[in-house]
file model11.pdb (PDB, C-alpha atoms)
ATOM      1  CA  MET A  28     -17.371   8.573  27.410  1.00  0.00           C
ATOM      2  CA  GLY A  29     -14.566   9.234  24.947  1.00  0.00           C
ATOM      3  CA  THR A  30     -11.496   7.141  25.721  1.00  0.00           C
ATOM      4  CA  GLY A  31      -9.227   7.780  22.765  1.00  0.00           C
ATOM      5  CA  VAL A  32      -8.465  10.696  20.472  1.00  0.00           C
ATOM      6  CA  LEU A  33      -6.714  10.731  17.108  1.00  0.00           C
ATOM      7  CA  VAL A  34      -5.714  13.883  15.209  1.00  0.00           C
ATOM      8  CA  ILE A  35      -3.986  13.762  11.802  1.00  0.00           C
ATOM      9  CA  LYS A  36      -3.380  16.733   9.521  1.00  0.00           C
ATOM     10  CA  LEU A  37      -2.212  16.824   5.915  1.00  0.00           C
ATOM     11  CA  ASP A  38      -1.014  20.100   4.432  1.00  0.00           C
ATOM     12  CA  ASP A  39      -1.570  18.706   0.940  1.00  0.00           C
ATOM     13  CA  CYS A  40      -4.092  15.878   0.755  1.00  0.00           C
ATOM     14  CA  ILE A  41      -3.948  15.428  -3.037  1.00  0.00           C
ATOM     15  CA  PRO A  42      -1.110  12.801  -3.045  1.00  0.00           C
ATOM     16  CA  PHE A  43      -2.905  10.981  -0.207  1.00  0.00           C
ATOM     17  CA  MET A  44      -6.147  10.928  -2.195  1.00  0.00           C
ATOM     18  CA  ASN A  45      -4.424   9.749  -5.364  1.00  0.00           C
ATOM     19  CA  ALA A  46      -2.647   6.949  -3.511  1.00  0.00           C
ATOM     20  CA  LEU A  47      -5.891   5.763  -1.894  1.00  0.00           C
ATOM     21  CA  SER A  48      -7.748   5.786  -5.198  1.00  0.00           C
ATOM     22  CA  GLN A  49      -5.444   3.054  -6.522  1.00  0.00           C
ATOM     23  CA  LEU A  50      -6.614   0.656  -3.806  1.00  0.00           C
ATOM     24  CA  SER A  51     -10.228   1.067  -4.919  1.00  0.00           C
ATOM     25  CA  ASN A  52      -9.272  -0.936  -8.028  1.00  0.00           C
ATOM     26  CA  ILE A  53      -8.903  -3.947  -5.719  1.00  0.00           C
ATOM     27  CA  SER A  54     -11.933  -3.541  -3.445  1.00  0.00           C
ATOM     28  CA  ASN A  55     -14.161  -0.772  -2.118  1.00  0.00           C
ATOM     29  CA  LYS A  56     -13.849  -2.085   1.432  1.00  0.00           C
ATOM     30  CA  ALA A  57     -10.635  -1.448   3.350  1.00  0.00           C
ATOM     31  CA  ASP A  58      -9.347  -1.752   6.892  1.00  0.00           C
ATOM     32  CA  VAL A  59      -7.572   1.259   8.370  1.00  0.00           C
ATOM     33  CA  LYS A  60      -4.938   0.507  11.016  1.00  0.00           C
ATOM     34  CA  VAL A  61      -3.531   3.470  12.947  1.00  0.00           C
ATOM     35  CA  SER A  62      -0.974   3.400  15.750  1.00  0.00           C
ATOM     36  CA  PRO A  63       1.482   5.926  17.194  1.00  0.00           C
ATOM     37  CA  PHE A  64       4.053   4.475  14.774  1.00  0.00           C
ATOM     38  CA  SER A  65       2.193   3.807  11.523  1.00  0.00           C
ATOM     39  CA  PHE A  66      -0.849   4.541   9.345  1.00  0.00           C
ATOM     40  CA  SER A  67      -1.944   1.744   6.996  1.00  0.00           C
ATOM     41  CA  VAL A  68      -4.856   1.098   4.657  1.00  0.00           C
ATOM     42  CA  ILE A  69      -5.362  -2.579   3.817  1.00  0.00           C
ATOM     43  CA  THR A  70      -7.582  -4.298   1.277  1.00  0.00           C
ATOM     44  CA  THR A  71      -7.779  -7.810  -0.158  1.00  0.00           C
ATOM     45  CA  HIS A  72      -8.776  -8.808  -3.676  1.00  0.00           C
ATOM     46  CA  PRO A  73     -12.064 -10.740  -3.331  1.00  0.00           C
ATOM     47  CA  HIS A  74     -11.152 -13.388  -5.936  1.00  0.00           C
ATOM     48  CA  LEU A  75      -7.376 -13.445  -6.458  1.00  0.00           C
ATOM     49  CA  GLY A  76      -6.531 -13.547  -2.763  1.00  0.00           C
ATOM     50  CA  PHE A  77      -3.619 -11.119  -2.565  1.00  0.00           C
ATOM     51  CA  THR A  78      -3.574  -8.303  -0.003  1.00  0.00           C
ATOM     52  CA  ALA A  79      -2.639  -4.732  -0.931  1.00  0.00           C
ATOM     53  CA  THR A  80      -1.521  -2.313   1.770  1.00  0.00           C
ATOM     54  CA  LEU A  81      -0.700   1.394   1.612  1.00  0.00           C
ATOM     55  CA  ASN A  82       1.644   2.420   4.415  1.00  0.00           C
ATOM     56  CA  PHE A  83       2.441   5.940   5.606  1.00  0.00           C
ATOM     57  CA  SER A  84       5.164   7.073   7.982  1.00  0.00           C
ATOM     58  CA  PRO A  85       3.900   9.428  10.740  1.00  0.00           C
ATOM     59  CA  GLN A  86       6.609  11.886   9.652  1.00  0.00           C
ATOM     60  CA  ARG A  87       4.743  12.301   6.378  1.00  0.00           C
ATOM     61  CA  PHE A  88       1.927  14.178   8.148  1.00  0.00           C
ATOM     62  CA  ALA A  89       1.980  17.800   9.302  1.00  0.00           C
ATOM     63  CA  VAL A  90       0.327  16.716  12.575  1.00  0.00           C
ATOM     64  CA  TYR A  91       0.227  13.124  13.815  1.00  0.00           C
ATOM     65  CA  ALA A  92      -1.199  12.780  17.333  1.00  0.00           C
ATOM     66  CA  VAL A  93      -2.275   9.186  17.979  1.00  0.00           C
ATOM     67  CA  ASP A  94      -2.615   7.993  21.560  1.00  0.00           C
ATOM     68  CA  GLN A  95      -3.381   4.303  20.957  1.00  0.00           C
ATOM     69  CA  TYR A  96      -4.130   1.634  18.381  1.00  0.00           C
ATOM     70  CA  TYR A  97      -7.177   2.241  16.136  1.00  0.00           C
ATOM     71  CA  SER A  98      -8.644  -0.218  13.665  1.00  0.00           C
ATOM     72  CA  PHE A  99     -11.799   0.161  11.591  1.00  0.00           C
ATOM     73  CA  SER A 100     -13.309  -0.778   8.245  1.00  0.00           C
ATOM     74  CA  ILE A 101     -14.353   1.918   5.830  1.00  0.00           C
ATOM     75  CA  SER A 102     -15.635   2.384   2.306  1.00  0.00           C
ATOM     76  CA  LEU A 103     -12.809   3.713   0.150  1.00  0.00           C
ATOM     77  CA  GLN A 104     -15.417   5.604  -1.854  1.00  0.00           C
ATOM     78  CA  PHE A 105     -16.593   7.413   1.288  1.00  0.00           C
ATOM     79  CA  PHE A 106     -12.992   8.094   2.329  1.00  0.00           C
ATOM     80  CA  HIS A 107     -12.188   9.551  -1.085  1.00  0.00           C
ATOM     81  CA  ASN A 108     -15.400  11.578  -1.297  1.00  0.00           C
ATOM     82  CA  ALA A 109     -14.881  13.070   2.157  1.00  0.00           C
ATOM     83  CA  MET A 110     -11.362  14.133   1.307  1.00  0.00           C
ATOM     84  CA  SER A 111     -12.438  15.465  -2.072  1.00  0.00           C
ATOM     85  CA  GLN A 112     -15.214  17.555  -0.545  1.00  0.00           C
ATOM     86  CA  PHE A 113     -13.340  18.949   2.441  1.00  0.00           C
ATOM     87  CA  GLY A 114      -9.733  18.649   1.412  1.00  0.00           C
ATOM     88  CA  GLN A 115      -9.768  20.741  -1.734  1.00  0.00           C
ATOM     89  CA  ALA A 116     -10.646  24.241  -0.599  1.00  0.00           C
ATOM     90  CA  GLN A 117      -9.948  26.904  -3.189  1.00  0.00           C
ATOM     91  CA  ASP A 118      -6.903  28.345  -1.459  1.00  0.00           C
ATOM     92  CA  LEU A 119      -5.547  25.504   0.706  1.00  0.00           C
ATOM     93  CA  PRO A 120      -5.843  21.757  -0.102  1.00  0.00           C
ATOM     94  CA  SER A 121      -5.309  20.741   3.536  1.00  0.00           C
ATOM     95  CA  LEU A 122      -7.223  18.145   5.498  1.00  0.00           C
ATOM     96  CA  CYS A 123      -7.599  17.294   9.176  1.00  0.00           C
ATOM     97  CA  ILE A 124      -8.844  13.850  10.243  1.00  0.00           C
ATOM     98  CA  THR A 125      -9.956  13.374  13.848  1.00  0.00           C
ATOM     99  CA  ALA A 126     -11.375  10.309  15.558  1.00  0.00           C
ATOM    100  CA  LEU A 127     -12.950   9.688  18.946  1.00  0.00           C
ATOM    101  CA  LEU A 128     -13.167   6.151  20.312  1.00  0.00           C
ATOM    102  CA  LEU A 129     -16.185   5.599  22.555  1.00  0.00           C
ATOM    103  CA  GLU A 130     -16.266   2.904  25.207  1.00  0.00           C
ATOM    104  CA  PRO A 131     -17.832   0.444  25.889  1.00  0.00           C
ATOM    105  CA  THR A 132     -19.528   0.284  22.476  1.00  0.00           C
ATOM    106  CA  LYS A 133     -16.197   0.435  20.564  1.00  0.00           C
ATOM    107  CA  THR A 134     -17.700   3.108  18.324  1.00  0.00           C
ATOM    108  CA  ILE A 135     -15.388   5.437  16.407  1.00  0.00           C
ATOM    109  CA  ILE A 136     -16.596   8.905  15.398  1.00  0.00           C
ATOM    110  CA  LEU A 137     -14.488   9.903  12.390  1.00  0.00           C
ATOM    111  CA  ASN A 138     -14.436  13.562  11.311  1.00  0.00           C
ATOM    112  CA  PHE A 139     -12.971  15.180   8.200  1.00  0.00           C
ATOM    113  CA  THR A 140     -12.445  18.931   8.292  1.00  0.00           C
ATOM    114  CA  SER A 141     -10.748  21.407   5.974  1.00  0.00           C
ATOM    115  CA  PRO A 142      -9.329  24.508   7.640  1.00  0.00           C
ATOM    116  CA  THR A 143      -9.210  27.404   5.207  1.00  0.00           C
ATOM    117  CA  ARG A 144      -8.461  31.086   5.291  1.00  0.00           C
ATOM    118  CA  ARG A 145     -12.143  31.735   4.738  1.00  0.00           C
ATOM    119  CA  ARG A 146     -14.387  30.411   7.490  1.00  0.00           C
ATOM    120  CA  GLU A 147     -17.354  30.025   5.154  1.00  0.00           C
ATOM    121  CA  ALA A 148     -15.316  27.636   2.991  1.00  0.00           C
ATOM    122  CA  SER A 149     -14.626  25.198   5.811  1.00  0.00           C
ATOM    123  CA  GLY A 150     -16.690  22.095   6.372  1.00  0.00           C
ATOM    124  CA  VAL A 151     -17.101  18.877   8.305  1.00  0.00           C
ATOM    125  CA  ALA A 152     -17.920  15.318   7.261  1.00  0.00           C
ATOM    126  CA  THR A 153     -18.676  12.791   9.989  1.00  0.00           C
ATOM    127  CA  THR A 154     -19.200   9.045  10.003  1.00  0.00           C
ATOM    128  CA  TRP A 155     -19.778   6.534  12.815  1.00  0.00           C
ATOM    129  CA  LEU A 156     -17.796   3.307  12.623  1.00  0.00           C
ATOM    130  CA  THR A 157     -17.361   0.165  14.698  1.00  0.00           C
ATOM    131  CA  SER A 158     -13.865  -0.489  15.960  1.00  0.00           C
ATOM    132  CA  LEU A 159     -12.339  -3.771  14.790  1.00  0.00           C
ATOM    133  CA  PRO A 160     -10.572  -6.164  17.172  1.00  0.00           C
ATOM    134  CA  SER A 161      -6.877  -5.402  17.542  1.00  0.00           C
ATOM    135  CA  GLU A 162      -6.054  -8.822  16.107  1.00  0.00           C
ATOM    136  CA  GLU A 163      -5.466  -8.548  12.388  1.00  0.00           C
ATOM    137  CA  LYS A 164      -4.662 -10.937   9.595  1.00  0.00           C
ATOM    138  CA  GLU A 165      -1.058 -12.036  10.016  1.00  0.00           C
ATOM    139  CA  LEU A 166       0.814 -11.197   6.843  1.00  0.00           C
ATOM    140  CA  GLY A 167       4.264 -11.752   8.296  1.00  0.00           C
ATOM    141  CA  ALA A 168       7.234  -9.448   8.804  1.00  0.00           C
ATOM    142  CA  ILE A 169       9.292  -8.749   5.691  1.00  0.00           C
ATOM    143  CA  ASP A 170      12.804 -10.222   5.443  1.00  0.00           C
ATOM    144  CA  TYR A 171      14.805  -7.208   4.284  1.00  0.00           C
ATOM    145  CA  GLY A 172      18.024  -9.216   4.023  1.00  0.00           C
ATOM    146  CA  LYS A 173      16.948 -11.095   0.917  1.00  0.00           C
ATOM    147  CA  TYR A 174      15.417  -9.352  -2.078  1.00  0.00           C
ATOM    148  CA  PHE A 175      15.757  -8.324  -5.689  1.00  0.00           C
ATOM    149  CA  THR A 176      14.756  -5.205  -7.582  1.00  0.00           C
ATOM    150  CA  ILE A 177      13.965  -4.627 -11.241  1.00  0.00           C
ATOM    151  CA  HIS A 178      13.197  -1.571 -13.327  1.00  0.00           C
ATOM    152  CA  SER A 179       9.534  -0.589 -13.402  1.00  0.00           C
ATOM    153  CA  GLU A 180       9.646  -0.740 -17.195  1.00  0.00           C
ATOM    154  CA  ASP A 181      10.638  -4.433 -17.019  1.00  0.00           C
ATOM    155  CA  LEU A 182       7.715  -5.162 -14.710  1.00  0.00           C
ATOM    156  CA  ARG A 183       5.328  -3.563 -17.183  1.00  0.00           C
ATOM    157  CA  ARG A 184       6.848  -5.786 -19.879  1.00  0.00           C
ATOM    158  CA  VAL A 185       6.113  -8.838 -17.717  1.00  0.00           C
ATOM    159  CA  ILE A 186       2.535  -7.700 -17.113  1.00  0.00           C
ATOM    160  CA  ASN A 187       1.864  -7.084 -20.791  1.00  0.00           C
ATOM    161  CA  LEU A 188       3.527 -10.229 -22.174  1.00  0.00           C
ATOM    162  CA  LEU A 189       2.739 -12.978 -19.671  1.00  0.00           C
ATOM    163  CA  ASP A 190      -0.447 -14.654 -18.521  1.00  0.00           C
ATOM    164  CA  VAL A 191      -2.236 -14.199 -15.202  1.00  0.00           C
ATOM    165  CA  LEU A 192      -0.146 -16.667 -13.150  1.00  0.00           C
ATOM    166  CA  VAL A 193       3.555 -15.849 -13.419  1.00  0.00           C
ATOM    167  CA  CYS A 194       6.335 -18.095 -12.156  1.00  0.00           C
ATOM    168  CA  VAL A 195       9.400 -16.231 -10.859  1.00  0.00           C
ATOM    169  CA  THR A 196      12.804 -17.945 -10.724  1.00  0.00           C
ATOM    170  CA  VAL A 197      15.706 -16.196  -8.987  1.00  0.00           C
ATOM    171  CA  THR A 198      19.408 -17.074  -9.005  1.00  0.00           C
ATOM    172  CA  ASN A 199      22.398 -15.032  -7.892  1.00  0.00           C
ATOM    173  CA  SER A 200      22.746 -13.584 -11.398  1.00  0.00           C
ATOM    174  CA  GLU A 201      19.292 -13.272 -12.986  1.00  0.00           C
ATOM    175  CA  VAL A 202      15.543 -13.202 -12.518  1.00  0.00           C
ATOM    176  CA  ARG A 203      13.226 -15.072 -14.894  1.00  0.00           C
ATOM    177  CA  PHE A 204       9.510 -14.371 -15.174  1.00  0.00           C
ATOM    178  CA  HIS A 205       7.908 -17.170 -17.145  1.00  0.00           C
ATOM    179  CA  THR A 206       4.832 -19.172 -18.058  1.00  0.00           C
ATOM    180  CA  THR A 207       4.568 -22.396 -20.016  1.00  0.00           C
ATOM    181  CA  SER A 208       4.934 -20.521 -23.288  1.00  0.00           C
ATOM    182  CA  GLN A 209       6.836 -17.261 -22.649  1.00  0.00           C
ATOM    183  CA  VAL A 210       9.720 -15.930 -20.580  1.00  0.00           C
ATOM    184  CA  VAL A 211      11.141 -12.533 -19.632  1.00  0.00           C
ATOM    185  CA  VAL A 212      14.713 -12.573 -18.313  1.00  0.00           C
ATOM    186  CA  VAL A 213      16.292  -9.707 -16.352  1.00  0.00           C
ATOM    187  CA  THR A 214      20.006 -10.078 -15.626  1.00  0.00           C
ATOM    188  CA  LYS A 215      22.225  -8.611 -12.939  1.00  0.00           C
ATOM    189  CA  LYS A 216      24.911  -7.940 -15.527  1.00  0.00           C
ATOM    190  CA  GLY A 217      24.503  -4.451 -16.950  1.00  0.00           C
ATOM    191  CA  GLY A 218      22.284  -3.286 -14.074  1.00  0.00           C
ATOM    192  CA  GLY A 219      19.059  -4.882 -15.218  1.00  0.00           C
ATOM    193  CA  CYS A 220      18.341  -6.008 -11.663  1.00  0.00           C
ATOM    194  CA  GLU A 221      19.833  -5.950  -8.176  1.00  0.00           C
ATOM    195  CA  ILE A 222      19.942  -9.273  -6.301  1.00  0.00           C
ATOM    196  CA  VAL A 223      20.788  -9.443  -2.602  1.00  0.00           C
ATOM    197  CA  GLY A 224      20.858 -12.514  -0.347  1.00  0.00           C
ATOM    198  CA  TYR A 225      20.570 -15.122  -3.119  1.00  0.00           C
ATOM    199  CA  GLU A 226      24.175 -16.297  -2.924  1.00  0.00           C
ATOM    200  CA  GLU A 227      23.301 -19.991  -3.005  1.00  0.00           C
ATOM    201  CA  ILE A 228      23.716 -21.878  -6.253  1.00  0.00           C
ATOM    202  CA  PHE A 229      20.217 -23.342  -6.193  1.00  0.00           C
ATOM    203  CA  GLU A 230      17.307 -21.500  -7.756  1.00  0.00           C
ATOM    204  CA  THR A 231      14.475 -19.960  -5.765  1.00  0.00           C
ATOM    205  CA  GLN A 232      11.051 -20.161  -7.381  1.00  0.00           C
ATOM    206  CA  PHE A 233       7.637 -18.711  -6.527  1.00  0.00           C
ATOM    207  CA  LYS A 234       4.397 -17.624  -8.205  1.00  0.00           C
ATOM    208  CA  ILE A 235       2.514 -14.322  -8.308  1.00  0.00           C
ATOM    209  CA  ILE A 236      -0.628 -13.025  -9.996  1.00  0.00           C
ATOM    210  CA  LEU A 237      -0.137  -9.611 -11.613  1.00  0.00           C
ATOM    211  CA  ARG A 238      -3.789  -8.884 -12.217  1.00  0.00           C
ATOM    212  CA  PRO A 239      -5.676  -6.586 -12.538  1.00  0.00           C
ATOM    213  CA  SER A 240      -3.000  -5.476 -14.977  1.00  0.00           C
ATOM    214  CA  THR A 241      -4.079  -1.814 -14.860  1.00  0.00           C
ATOM    215  CA  PHE A 242      -3.606  -1.777 -11.078  1.00  0.00           C
ATOM    216  CA  PHE A 243      -0.037  -3.090 -11.175  1.00  0.00           C
ATOM    217  CA  CYS A 244       0.913  -0.993 -14.197  1.00  0.00           C
ATOM    218  CA  ARG A 245      -0.232   2.190 -12.451  1.00  0.00           C
ATOM    219  CA  LEU A 246       1.722   1.313  -9.313  1.00  0.00           C
ATOM    220  CA  SER A 247       4.857   0.838 -11.409  1.00  0.00           C
ATOM    221  CA  TYR A 248       4.868   4.504 -12.486  1.00  0.00           C
ATOM    222  CA  ASN A 249       6.665   5.710  -9.361  1.00  0.00           C
ATOM    223  CA  GLU A 250       9.467   8.230  -8.960  1.00  0.00           C
ATOM    224  CA  THR A 251      12.093   5.629  -8.022  1.00  0.00           C
ATOM    225  CA  GLU A 252      11.472   3.750 -11.300  1.00  0.00           C
ATOM    226  CA  ARG A 253      12.200   0.460  -9.513  1.00  0.00           C
ATOM    227  CA  VAL A 254      10.128  -2.300  -7.915  1.00  0.00           C
ATOM    228  CA  SER A 255      11.380  -4.508  -5.071  1.00  0.00           C
ATOM    229  CA  PHE A 256      10.528  -8.158  -4.364  1.00  0.00           C
ATOM    230  CA  TYR A 257      10.820  -9.652  -0.865  1.00  0.00           C
ATOM    231  CA  GLN A 258       9.514 -12.565   1.143  1.00  0.00           C
ATOM    232  CA  THR A 259       8.262 -12.697   4.711  1.00  0.00           C
ATOM    233  CA  ILE A 260      10.402 -14.149   7.470  1.00  0.00           C
ATOM    234  CA  ASN A 261       7.851 -16.906   8.092  1.00  0.00           C
ATOM    235  CA  ASN A 262       7.791 -17.725   4.337  1.00  0.00           C
ATOM    236  CA  SER A 263       4.002 -17.276   4.199  1.00  0.00           C
ATOM    237  CA  HIS A 264       3.991 -14.499   1.579  1.00  0.00           C
ATOM    238  CA  HIS A 265       6.001 -12.994  -1.245  1.00  0.00           C
ATOM    239  CA  VAL A 266       5.887  -9.206  -1.148  1.00  0.00           C
ATOM    240  CA  VAL A 267       6.239  -6.597  -3.891  1.00  0.00           C
ATOM    241  CA  LEU A 268       6.988  -3.032  -2.755  1.00  0.00           C
ATOM    242  CA  PHE A 269       6.077   0.039  -4.811  1.00  0.00           C
ATOM    243  CA  PRO A 270       7.246   3.368  -3.300  1.00  0.00           C
ATOM    244  CA  VAL A 271       5.087   6.325  -4.299  1.00  0.00           C
ATOM    245  CA  PHE A 272       7.871   8.919  -4.212  1.00  0.00           C
ATOM    246  CA  ALA A 273      11.663   8.832  -4.290  1.00  0.00           C
ATOM    247  CA  ASP A 274      12.297  10.210  -0.782  1.00  0.00           C
ATOM    248  CA  SER A 275      12.970   8.095   2.313  1.00  0.00           C
ATOM    249  CA  LEU A 276       9.621   8.994   3.927  1.00  0.00           C
ATOM    250  CA  SER A 277       7.608   8.018   0.873  1.00  0.00           C
ATOM    251  CA  PRO A 278       4.347   6.148   1.336  1.00  0.00           C
ATOM    252  CA  GLN A 279       4.573   2.742  -0.241  1.00  0.00           C
ATOM    253  CA  TYR A 280       2.303  -0.008  -1.470  1.00  0.00           C
ATOM    254  CA  ALA A 281       3.106  -3.503  -0.249  1.00  0.00           C
ATOM    255  CA  ILE A 282       1.398  -6.328  -2.142  1.00  0.00           C
ATOM    256  CA  TYR A 283       1.345  -9.649  -0.273  1.00  0.00           C
ATOM    257  CA  PHE A 284       0.978 -12.807  -2.361  1.00  0.00           C
ATOM    258  CA  PRO A 285       0.269 -15.996  -0.375  1.00  0.00           C
ATOM    259  CA  VAL A 286       2.779 -18.756  -1.046  1.00  0.00           C
ATOM    260  CA  MET A 287       1.262 -21.230  -3.526  1.00  0.00           C
TER
END

call {"tool": "encode", "arguments": {"input": "model11.pdb", "output": "structure tokens"}}
result
Amino acid sequence: MGTGVLVIKLDDCIPFMNALSQLSNISNKADVKVSPFSFSVITTHPHLGFTATLNFSPQRFAVYAVDQYYSFSISLQFFHNAMSQFGQAQDLPSLCITALLLEPTKTIILNFTSPTRRREASGVATTWLTSLPSEEKELGAIDYGKYFTIHSEDLRRVINLLDVLVCVTVTNSEVRFHTTSQVVVVTKKGGGCEIVGYEEIFETQFKIILRPSTFFCRLSYNETERVSFYQTINNSHHVVLFPVFADSLSPQYAIYFPVM
């Protein structure tokens, strides 16, 4: 017996596909978490340990009808292929994703369909998945009262100049990215960075791993041209946010680095 139904429709699935394809540079396996309030795709680097999430606001979708919490693992390659096959009709690149949760086996039937003006051009892709427990890895809520932002171009300079493990030191006037042999300094004076919540005199220091370099460089080419750095309220992770677009409803990548 079906006990839950999910219906999501995208009028233009191309940005969605492009955003998902970036996560495949981290791992082919991802967890999809869907609730009435959010749509997230989450993957963890198998060796470097950081977690990359792609978060969508429900308002970003043409239709977003979600009656409960859904959680399942999926191959990003399958996800991308299904959208490519059924979401790029010749005259309308739209995509509809539906899911049916079956009890008591916790099986999810996931369907991809592409409505088009020509019936013969439409299609369906279906996969059967096992629902994951509602408990998920606790990454921690982000503390939005304390953060700094830098220009995307400066982040690319850090990625290209410094080694794998980068130490970040923040004061109320500057941010230093450094290793044992090199340093990149971005100052608040002149608009090089924005620093909020670091009023104390003492420095704040943490470490991040900006590899694979191609992954982080690609994320930095966003429409806002800025990258934001936060920490979680429980101090378990440092978080780097990359919005995809410049508008307030933009999907965004959140990269969680465990505190070292």

call {"tool": "resolve_selection", "arguments": {"input": "model11.pdb", "expression": "the PyMOL selection byres ((chain A and resi 34) around 8)", "output": "MDAnalysis selection string"}}
result
chainID A and resid 32:33 35:36 90:93 123:126

call {"tool": "write_last_selection", "arguments": {"input": "model11.pdb", "atoms": "C-alpha atoms", "output": "PDB file, keeping the file's coordinate frame"}}
result
ATOM      1  CA  VAL A  32      -8.465  10.696  20.472  1.00  0.00           C
ATOM      2  CA  LEU A  33      -6.714  10.731  17.108  1.00  0.00           C
ATOM      3  CA  ILE A  35      -3.986  13.762  11.802  1.00  0.00           C
ATOM      4  CA  LYS A  36      -3.380  16.733   9.521  1.00  0.00           C
ATOM      5  CA  VAL A  90       0.327  16.716  12.575  1.00  0.00           C
ATOM      6  CA  TYR A  91       0.227  13.124  13.815  1.00  0.00           C
ATOM      7  CA  ALA A  92      -1.199  12.780  17.333  1.00  0.00           C
ATOM      8  CA  VAL A  93      -2.275   9.186  17.979  1.00  0.00           C
ATOM      9  CA  CYS A 123      -7.599  17.294   9.176  1.00  0.00           C
ATOM     10  CA  ILE A 124      -8.844  13.850  10.243  1.00  0.00           C
ATOM     11  CA  THR A 125      -9.956  13.374  13.848  1.00  0.00           C
ATOM     12  CA  ALA A 126     -11.375  10.309  15.558  1.00  0.00           C
TER      13      ALA A 126
END

call {"tool": "residues_around", "arguments": {"input": "model11.pdb", "residues": "region 170-179 of chain A", "least_positions_apart": "6", "cutoff": "9 Å", "atoms": "all atoms listed in the file", "output": "list in words"}}
result
Val197, Val202, Val213, Gly218, Gly219, Cys220, Glu221, Ile222, Val223, Gly224, Tyr225, Cys244, Ser247, Tyr248, Asn249, Thr251, Glu252, Arg253, Val254, Ser255, Phe256, Tyr257, Gln258, Thr259, Ile260 and Asn261 of chain A

call {"tool": "resolve_selection", "arguments": {"input": "model11.pdb", "expression": "the PyMOL selection byres ((chain A and resi 193) around 7)", "output": "ChimeraX atom specification"}}
result
/A:189-192,194-195,204-206,234-236

call {"tool": "write_last_selection", "arguments": {"input": "model11.pdb", "atoms": "C-alpha atoms", "output": "short mmCIF file (atom, residue, chain, number, x, y, z; two decimals), keeping the file's coordinate frame"}}
result
data_model
loop_
_atom_site.label_atom_id
_atom_site.label_comp_id
_atom_site.auth_asym_id
_atom_site.auth_seq_id
_atom_site.Cartn_x
_atom_site.Cartn_y
_atom_site.Cartn_z
CA LEU A 189 2.74 -12.98 -19.67
CA ASP A 190 -0.45 -14.65 -18.52
CA VAL A 191 -2.24 -14.20 -15.20
CA LEU A 192 -0.15 -16.67 -13.15
CA CYS A 194 6.34 -18.10 -12.16
CA VAL A 195 9.40 -16.23 -10.86
CA PHE A 204 9.51 -14.37 -15.17
CA HIS A 205 7.91 -17.17 -17.14
CA THR A 206 4.83 -19.17 -18.06
CA LYS A 234 4.40 -17.62 -8.20
CA ILE A 235 2.51 -14.32 -8.31
CA ILE A 236 -0.63 -13.02 -10.00
#

call {"tool": "resolve_selection", "arguments": {"input": "model11.pdb", "expression": "the PyMOL selection byres ((chain A and resi 137) around 10)", "output": "ChimeraX atom specification"}}
result
/A:33,124-128,134-136,138-139,152-156

call {"tool": "closest_residue", "arguments": {"input": "model11.pdb", "among": "A:Phe77, A:Glu227, A:Pro85, A:Val185", "to": "Met287 (chain A)", "atoms": "only C-alpha atoms"}}
result
A:Phe77

call {"tool": "atom_distance", "arguments": {"input": "model11.pdb", "atom1": "CA of Leu182 (chain A)", "atom2": "CA of Leu237 (chain A)"}}
result
9.5 Å

call {"tool": "atom_distance", "arguments": {"input": "model11.pdb", "atom1": "CA of Thr231 (chain A)", "atom2": "CA of Ala79 (chain A)"}}
result
23.4 Å

call {"tool": "residues_around", "arguments": {"input": "model11.pdb", "residues": "Val59 (chain A)", "least_positions_apart": "3", "cutoff": "8 Å", "atoms": "only C-alpha atoms", "output": "count of residues only"}}
result
9

call {"tool": "closest_residue", "arguments": {"input": "model11.pdb", "among": "A:Tyr96, A:Phe269, A:Phe243, A:Phe88", "to": "Asp38 (chain A)", "atoms": "all atoms listed in the file"}}
result
A:Phe88

call {"tool": "atom_distance", "arguments": {"input": "model11.pdb", "atom1": "CA of Tyr280 (chain A)", "atom2": "CA of Thr214 (chain A)"}}
result
24.8 Å

call {"tool": "residues_around", "arguments": {"input": "model11.pdb", "residues": "Ile282 (chain A)", "least_positions_apart": "4", "cutoff": "9 Å", "atoms": "all atoms listed in the file", "output": "list of chain:residue names"}}
result
A:Phe77, A:Thr78, A:Ala79, A:Thr80, A:Leu81, A:His265, A:Val266, A:Val267, A:Leu268, A:Phe269

call {"tool": "write_last_selection", "arguments": {"input": "model11.pdb", "atoms": "C-alpha atoms", "output": "PDB file, in the coordinates of the input"}}
result
ATOM      1  CA  PHE A  77      -3.619 -11.119  -2.565  1.00  0.00           C
ATOM      2  CA  THR A  78      -3.574  -8.303  -0.003  1.00  0.00           C
ATOM      3  CA  ALA A  79      -2.639  -4.732  -0.931  1.00  0.00           C
ATOM      4  CA  THR A  80      -1.521  -2.313   1.770  1.00  0.00           C
ATOM      5  CA  LEU A  81      -0.700   1.394   1.612  1.00  0.00           C
ATOM      6  CA  HIS A 265       6.001 -12.994  -1.245  1.00  0.00           C
ATOM      7  CA  VAL A 266       5.887  -9.206  -1.148  1.00  0.00           C
ATOM      8  CA  VAL A 267       6.239  -6.597  -3.891  1.00  0.00           C
ATOM      9  CA  LEU A 268       6.988  -3.032  -2.755  1.00  0.00           C
ATOM     10  CA  PHE A 269       6.077   0.039  -4.811  1.00  0.00           C
TER      11      PHE A 269
END

call {"tool": "closest_residue", "arguments": {"input": "model11.pdb", "among": "A:Phe242, A:Phe106, A:Gln209, A:Ile169", "to": "Cys40 (chain A)", "atoms": "all atoms listed in the file"}}
result
A:Phe106

call {"tool": "closest_residue", "arguments": {"input": "model11.pdb", "among": "A:Met110, A:Val210, A:Leu246, A:Leu122", "to": "Glu180 (chain A)", "atoms": "only C-alpha atoms"}}
result
A:Leu246
